[in-house]
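*Asks:* Input structure: query_23.txt, which contains compact mmCIF, N, CA and C atoms.
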# COMPACT_ATOMS: atom_id res chain seq x y z
N MET A 261 81.68 -78.84 42.07
CA MET A 261 81.84 -79.13 43.48
C MET A 261 80.46 -79.54 44.02
N THR A 262 80.44 -80.54 44.85
CA THR A 262 79.17 -81.00 45.40
C THR A 262 78.68 -80.05 46.50
N ARG A 263 77.39 -80.15 46.82
CA ARG A 263 76.83 -79.32 47.88
C ARG A 263 77.53 -79.61 49.21
N LEU A 264 77.82 -80.88 49.46
CA LEU A 264 78.52 -81.26 50.69
C LEU A 264 79.90 -80.62 50.76
N ALA A 265 80.62 -80.62 49.67
CA ALA A 265 81.95 -79.99 49.64
C ALA A 265 81.85 -78.49 49.88
N LEU A 266 80.82 -77.87 49.31
CA LEU A 266 80.62 -76.43 49.52
C LEU A 266 80.32 -76.13 50.99
N LEU A 267 79.47 -76.96 51.61
CA LEU A 267 79.14 -76.77 53.02
C LEU A 267 80.35 -76.98 53.91
N GLN A 268 81.19 -77.95 53.57
CA GLN A 268 82.42 -78.18 54.34
C GLN A 268 83.35 -76.98 54.22
N ARG A 269 83.48 -76.43 53.02
CA ARG A 269 84.33 -75.25 52.81
C ARG A 269 83.79 -74.05 53.59
N LEU A 270 82.48 -73.92 53.62
CA LEU A 270 81.86 -72.82 54.36
C LEU A 270 82.12 -72.97 55.86
N GLN A 271 82.09 -74.20 56.37
CA GLN A 271 82.40 -74.42 57.78
C GLN A 271 83.86 -74.07 58.09
N GLU A 272 84.75 -74.36 57.17
CA GLU A 272 86.16 -73.99 57.35
C GLU A 272 86.31 -72.47 57.37
N LEU A 273 85.60 -71.79 56.48
CA LEU A 273 85.66 -70.33 56.44
C LEU A 273 85.09 -69.72 57.72
N GLN A 274 84.10 -70.38 58.32
CA GLN A 274 83.49 -69.88 59.56
C GLN A 274 84.54 -69.75 60.66
N GLN A 275 85.61 -70.54 60.60
CA GLN A 275 86.65 -70.53 61.63
C GLN A 275 87.71 -69.45 61.40
N THR A 276 87.69 -68.79 60.25
CA THR A 276 88.68 -67.76 59.98
C THR A 276 88.39 -66.52 60.82
N PRO A 277 89.42 -65.74 61.13
CA PRO A 277 89.21 -64.54 61.95
C PRO A 277 88.13 -63.60 61.40
N LYS A 278 88.01 -63.51 60.11
CA LYS A 278 87.03 -62.61 59.48
C LYS A 278 85.60 -62.97 59.88
N PHE A 279 85.31 -64.27 60.04
CA PHE A 279 83.94 -64.72 60.25
C PHE A 279 83.68 -65.37 61.60
N GLN A 280 84.62 -65.33 62.52
CA GLN A 280 84.44 -66.01 63.80
C GLN A 280 83.23 -65.51 64.58
N ASN A 281 82.90 -64.26 64.49
CA ASN A 281 81.78 -63.71 65.24
C ASN A 281 80.52 -63.53 64.40
N ARG A 282 80.50 -64.17 63.23
CA ARG A 282 79.34 -64.06 62.34
C ARG A 282 78.92 -65.46 61.91
N ASP A 283 77.64 -65.65 61.68
CA ASP A 283 77.13 -66.94 61.20
C ASP A 283 76.96 -66.86 59.69
N ILE A 284 77.90 -67.44 58.97
CA ILE A 284 77.82 -67.42 57.51
C ILE A 284 77.23 -68.72 56.97
N CYS A 285 76.88 -69.65 57.85
CA CYS A 285 76.39 -70.96 57.42
C CYS A 285 74.87 -71.08 57.42
N ALA A 286 74.18 -70.32 58.25
CA ALA A 286 72.74 -70.47 58.40
C ALA A 286 71.98 -70.27 57.09
N VAL A 287 72.43 -69.34 56.29
CA VAL A 287 71.75 -69.04 55.03
C VAL A 287 71.86 -70.19 54.03
N SER A 288 72.80 -71.09 54.22
CA SER A 288 73.04 -72.16 53.25
C SER A 288 71.83 -73.06 53.03
N ALA A 289 70.98 -73.21 54.04
CA ALA A 289 69.80 -74.07 53.91
C ALA A 289 68.82 -73.55 52.86
N MET A 290 68.83 -72.26 52.63
CA MET A 290 67.86 -71.65 51.71
C MET A 290 68.43 -71.43 50.31
N LEU A 291 69.71 -71.69 50.12
CA LEU A 291 70.35 -71.39 48.84
C LEU A 291 70.38 -72.59 47.91
N SER A 292 70.24 -72.33 46.63
CA SER A 292 70.45 -73.38 45.63
C SER A 292 71.95 -73.70 45.61
N LYS A 293 72.29 -74.77 44.95
CA LYS A 293 73.70 -75.14 44.87
C LYS A 293 74.52 -74.04 44.20
N GLU A 294 73.98 -73.43 43.17
CA GLU A 294 74.68 -72.37 42.46
C GLU A 294 74.85 -71.13 43.35
N ALA A 295 73.79 -70.79 44.07
CA ALA A 295 73.87 -69.64 44.97
C ALA A 295 74.82 -69.93 46.13
N LEU A 296 74.83 -71.17 46.61
CA LEU A 296 75.75 -71.55 47.67
C LEU A 296 77.20 -71.44 47.20
N ALA A 297 77.46 -71.87 45.98
CA ALA A 297 78.80 -71.76 45.41
C ALA A 297 79.24 -70.29 45.34
N LYS A 298 78.32 -69.40 44.95
CA LYS A 298 78.64 -67.97 44.89
C LYS A 298 78.88 -67.42 46.30
N HIS A 299 78.08 -67.84 47.27
CA HIS A 299 78.25 -67.41 48.66
C HIS A 299 79.63 -67.82 49.18
N VAL A 300 80.02 -69.04 48.92
CA VAL A 300 81.35 -69.53 49.34
C VAL A 300 82.43 -68.71 48.65
N GLU A 301 82.27 -68.43 47.37
CA GLU A 301 83.25 -67.64 46.61
C GLU A 301 83.41 -66.25 47.21
N VAL A 302 82.30 -65.61 47.53
CA VAL A 302 82.33 -64.27 48.11
C VAL A 302 82.98 -64.30 49.50
N CYS A 303 82.65 -65.30 50.29
CA CYS A 303 83.24 -65.42 51.64
C CYS A 303 84.74 -65.69 51.56
N GLU A 304 85.15 -66.53 50.60
CA GLU A 304 86.58 -66.78 50.41
C GLU A 304 87.32 -65.51 50.04
N ALA A 305 86.73 -64.72 49.15
CA ALA A 305 87.36 -63.46 48.74
C ALA A 305 87.46 -62.50 49.93
N ALA A 306 86.42 -62.43 50.74
CA ALA A 306 86.43 -61.54 51.90
C ALA A 306 87.46 -62.00 52.92
N ALA A 307 87.57 -63.29 53.14
CA ALA A 307 88.55 -63.81 54.10
C ALA A 307 89.97 -63.55 53.59
N ALA A 308 90.19 -63.71 52.30
CA ALA A 308 91.51 -63.46 51.72
C ALA A 308 91.86 -61.98 51.82
N ALA A 309 90.91 -61.12 51.54
CA ALA A 309 91.16 -59.68 51.63
C ALA A 309 91.46 -59.28 53.06
N SER A 310 90.76 -59.87 54.00
CA SER A 310 90.98 -59.58 55.41
C SER A 310 92.38 -60.04 55.84
N ALA A 311 92.78 -61.21 55.36
CA ALA A 311 94.10 -61.73 55.70
C ALA A 311 95.21 -60.86 55.11
N ARG A 312 94.98 -60.34 53.91
CA ARG A 312 95.99 -59.48 53.27
C ARG A 312 96.13 -58.14 53.99
N SER A 313 95.03 -57.63 54.51
CA SER A 313 95.08 -56.32 55.15
C SER A 313 95.48 -56.38 56.63
N ALA A 314 95.49 -57.59 57.20
CA ALA A 314 95.88 -57.74 58.61
C ALA A 314 97.39 -57.51 58.74
N PRO A 315 97.80 -56.92 59.84
CA PRO A 315 99.24 -56.71 60.04
C PRO A 315 99.96 -58.05 60.19
N ASN A 316 101.14 -58.11 59.70
CA ASN A 316 101.96 -59.32 59.79
C ASN A 316 102.51 -59.42 61.20
N LEU A 317 102.14 -60.46 61.92
CA LEU A 317 102.52 -60.61 63.32
C LEU A 317 103.68 -61.57 63.53
N GLN A 318 104.64 -61.55 62.68
CA GLN A 318 105.80 -62.44 62.84
C GLN A 318 106.89 -61.77 63.61
Write out the structure in this file as structure tokens.
*Replies:*
Amino acid sequence: MTRLALLQRLQELQQTPKFQNRDICAVSAMLSKEALAKHVEVCEAAAAASARSAPNLQ
């Protein structure tokens, strides 16, 4: 995945309820591509876990 694709994915994750009140993108300027990929992976896992534990509002 390119750095641009990783940054775009991180911006999408920023909009999820888990990260709306936190800045998860600022650190990206200091990370290598590999570290950025790991950061995105960890954020995706956290967002998924948060979505699974949220009550179903249907």
*Asks:* For the atom pair atom CA of A:Ser288 and atom CA of A:Ala311, what is the interatomic distance in Å to one decimal place?
*Replies:*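 Between atom CA of A:Ser288 and atom CA of A:Ala311 the gap is 23.6 Å.
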*Asks:* Please compute the atom CA of A:Glu294-atom CA of A:Ser313 distance, one decimal, in Å.
*Replies:*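 Computed distance, atom CA of A:Glu294 to atom CA of A:Ser313, equals 28.9 Å.
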*Asks:* What's around stretch 281-285 of chain A at 7 Å? Count only C-alpha atoms, leave out sequence neighbours fewer than 4 positions away in its own chain, and write the answer as a list in words.
*Replies:*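 Near neighbours after the sequence-gap exclusion: Leu270, Gln271 and Gln274 of chain A.
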*Asks:* Separation of atom N of A:Val300 and atom N of A:Leu266, in Å?
*Replies:*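 Separating atom N of A:Val300 from atom N of A:Leu266 is a distance of 8.9 Å.
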*Asks:* Out of A:Arg312, A:His299, A:Ala307, A:Ala265, which residue has the shortest atom-to-atom distance to A:Phe279 when counting all atoms listed in the file?
*Replies:* A:Ala307
*Asks:* Tell me which of A:Ser310, A:Lys278, A:Leu267, A:Glu272 sits closest to A:Lys298, counting only C-alpha atoms.
*Replies:* A:Leu267
*Asks:* Enumerate the residues of chain A with a DSSP assignment of helix (DSSP H, G or I), computed from the backbone, and present them as an MDAnalysis selection string.
*Replies:* chainID A and resid 263:274 286:290 293:313
*Asks:* May I have the residues from that selection written out with N, CA and C atoms, as an mmCIF file, keeping the file's coordinate frame?
*Replies:*
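The resulting again-v5.cif:
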data_model
loop_
_atom_site.group_PDB
_atom_site.id
_atom_site.type_symbol
_atom_site.label_atom_id
_atom_site.label_comp_id
_atom_site.auth_asym_id
_atom_site.auth_seq_id
_atom_site.Cartn_x
_atom_site.Cartn_y
_atom_site.Cartn_z
ATOM 1 N N ARG A 263 77.390 -80.150 46.820
ATOM 2 C CA ARG A 263 76.830 -79.320 47.880
ATOM 3 C C ARG A 263 77.530 -79.610 49.210
ATOM 4 N N LEU A 264 77.820 -80.880 49.460
ATOM 5 C CA LEU A 264 78.520 -81.260 50.690
ATOM 6 C C LEU A 264 79.900 -80.620 50.760
ATOM 7 N N ALA A 265 80.620 -80.620 49.670
ATOM 8 C CA ALA A 265 81.950 -79.990 49.640
ATOM 9 C C ALA A 265 81.850 -78.490 49.880
ATOM 10 N N LEU A 266 80.820 -77.870 49.310
ATOM 11 C CA LEU A 266 80.620 -76.430 49.520
ATOM 12 C C LEU A 266 80.320 -76.130 50.990
ATOM 13 N N LEU A 267 79.470 -76.960 51.610
ATOM 14 C CA LEU A 267 79.140 -76.770 53.020
ATOM 15 C C LEU A 267 80.350 -76.980 53.910
ATOM 16 N N GLN A 268 81.190 -77.950 53.570
ATOM 17 C CA GLN A 268 82.420 -78.180 54.340
ATOM 18 C C GLN A 268 83.350 -76.980 54.220
ATOM 19 N N ARG A 269 83.480 -76.430 53.020
ATOM 20 C CA ARG A 269 84.330 -75.250 52.810
ATOM 21 C C ARG A 269 83.790 -74.050 53.590
ATOM 22 N N LEU A 270 82.480 -73.920 53.620
ATOM 23 C CA LEU A 270 81.860 -72.820 54.360
ATOM 24 C C LEU A 270 82.120 -72.970 55.860
ATOM 25 N N GLN A 271 82.090 -74.200 56.370
ATOM 26 C CA GLN A 271 82.400 -74.420 57.780
ATOM 27 C C GLN A 271 83.860 -74.070 58.090
ATOM 28 N N GLU A 272 84.750 -74.360 57.170
ATOM 29 C CA GLU A 272 86.160 -73.990 57.350
ATOM 30 C C GLU A 272 86.310 -72.470 57.370
ATOM 31 N N LEU A 273 85.600 -71.790 56.480
ATOM 32 C CA LEU A 273 85.660 -70.330 56.440
ATOM 33 C C LEU A 273 85.090 -69.720 57.720
ATOM 34 N N GLN A 274 84.100 -70.380 58.320
ATOM 35 C CA GLN A 274 83.490 -69.880 59.560
ATOM 36 C C GLN A 274 84.540 -69.750 60.660
ATOM 37 N N ALA A 286 74.180 -70.320 58.250
ATOM 38 C CA ALA A 286 72.740 -70.470 58.400
ATOM 39 C C ALA A 286 71.980 -70.270 57.090
ATOM 40 N N VAL A 287 72.430 -69.340 56.290
ATOM 41 C CA VAL A 287 71.750 -69.040 55.030
ATOM 42 C C VAL A 287 71.860 -70.190 54.030
ATOM 43 N N SER A 288 72.800 -71.090 54.220
ATOM 44 C CA SER A 288 73.040 -72.160 53.250
ATOM 45 C C SER A 288 71.830 -73.060 53.030
ATOM 46 N N ALA A 289 70.980 -73.210 54.040
ATOM 47 C CA ALA A 289 69.800 -74.070 53.910
ATOM 48 C C ALA A 289 68.820 -73.550 52.860
ATOM 49 N N MET A 290 68.830 -72.260 52.630
ATOM 50 C CA MET A 290 67.860 -71.650 51.710
ATOM 51 C C MET A 290 68.430 -71.430 50.310
ATOM 52 N N LYS A 293 72.290 -74.770 44.950
ATOM 53 C CA LYS A 293 73.700 -75.140 44.870
ATOM 54 C C LYS A 293 74.520 -74.040 44.200
ATOM 55 N N GLU A 294 73.980 -73.430 43.170
ATOM 56 C CA GLU A 294 74.680 -72.370 42.460
ATOM 57 C C GLU A 294 74.850 -71.130 43.350
ATOM 58 N N ALA A 295 73.790 -70.790 44.070
ATOM 59 C CA ALA A 295 73.870 -69.640 44.970
ATOM 60 C C ALA A 295 74.820 -69.930 46.130
ATOM 61 N N LEU A 296 74.830 -71.170 46.610
ATOM 62 C CA LEU A 296 75.750 -71.550 47.670
ATOM 63 C C LEU A 296 77.200 -71.440 47.200
ATOM 64 N N ALA A 297 77.460 -71.870 45.980
ATOM 65 C CA ALA A 297 78.800 -71.760 45.410
ATOM 66 C C ALA A 297 79.240 -70.290 45.340
ATOM 67 N N LYS A 298 78.320 -69.400 44.950
ATOM 68 C CA LYS A 298 78.640 -67.970 44.890
ATOM 69 C C LYS A 298 78.880 -67.420 46.300
ATOM 70 N N HIS A 299 78.080 -67.840 47.270
ATOM 71 C CA HIS A 299 78.250 -67.410 48.660
ATOM 72 C C HIS A 299 79.630 -67.820 49.180
ATOM 73 N N VAL A 300 80.020 -69.040 48.920
ATOM 74 C CA VAL A 300 81.350 -69.530 49.340
ATOM 75 C C VAL A 300 82.430 -68.710 48.650
ATOM 76 N N GLU A 301 82.270 -68.430 47.370
ATOM 77 C CA GLU A 301 83.250 -67.640 46.610
ATOM 78 C C GLU A 301 83.410 -66.250 47.210
ATOM 79 N N VAL A 302 82.300 -65.610 47.530
ATOM 80 C CA VAL A 302 82.330 -64.270 48.110
ATOM 81 C C VAL A 302 82.980 -64.300 49.500
ATOM 82 N N CYS A 303 82.650 -65.300 50.290
ATOM 83 C CA CYS A 303 83.240 -65.420 51.640
ATOM 84 C C CYS A 303 84.740 -65.690 51.560
ATOM 85 N N GLU A 304 85.150 -66.530 50.600
ATOM 86 C CA GLU A 304 86.580 -66.780 50.410
ATOM 87 C C GLU A 304 87.320 -65.510 50.040
ATOM 88 N N ALA A 305 86.730 -64.720 49.150
ATOM 89 C CA ALA A 305 87.360 -63.460 48.740
ATOM 90 C C ALA A 305 87.460 -62.500 49.930
ATOM 91 N N ALA A 306 86.420 -62.430 50.740
ATOM 92 C CA ALA A 306 86.430 -61.540 51.900
ATOM 93 C C ALA A 306 87.460 -62.000 52.920
ATOM 94 N N ALA A 307 87.570 -63.290 53.140
ATOM 95 C CA ALA A 307 88.550 -63.810 54.100
ATOM 96 C C ALA A 307 89.970 -63.550 53.590
ATOM 97 N N ALA A 308 90.190 -63.710 52.300
ATOM 98 C CA ALA A 308 91.510 -63.460 51.720
ATOM 99 C C ALA A 308 91.860 -61.980 51.820
ATOM 100 N N ALA A 309 90.910 -61.120 51.540
ATOM 101 C CA ALA A 309 91.160 -59.680 51.630
ATOM 102 C C ALA A 309 91.460 -59.280 53.060
ATOM 103 N N SER A 310 90.760 -59.870 54.000
ATOM 104 C CA SER A 310 90.980 -59.580 55.410
ATOM 105 C C SER A 310 92.380 -60.040 55.840
ATOM 106 N N ALA A 311 92.780 -61.210 55.360
ATOM 107 C CA ALA A 311 94.100 -61.730 55.700
ATOM 108 C C ALA A 311 95.210 -60.860 55.110
ATOM 109 N N ARG A 312 94.980 -60.340 53.910
ATOM 110 C CA ARG A 312 95.990 -59.480 53.270
ATOM 111 C C ARG A 312 96.130 -58.140 53.990
ATOM 112 N N SER A 313 95.030 -57.630 54.510
ATOM 113 C CA SER A 313 95.080 -56.320 55.150
ATOM 114 C C SER A 313 95.480 -56.380 56.630
#
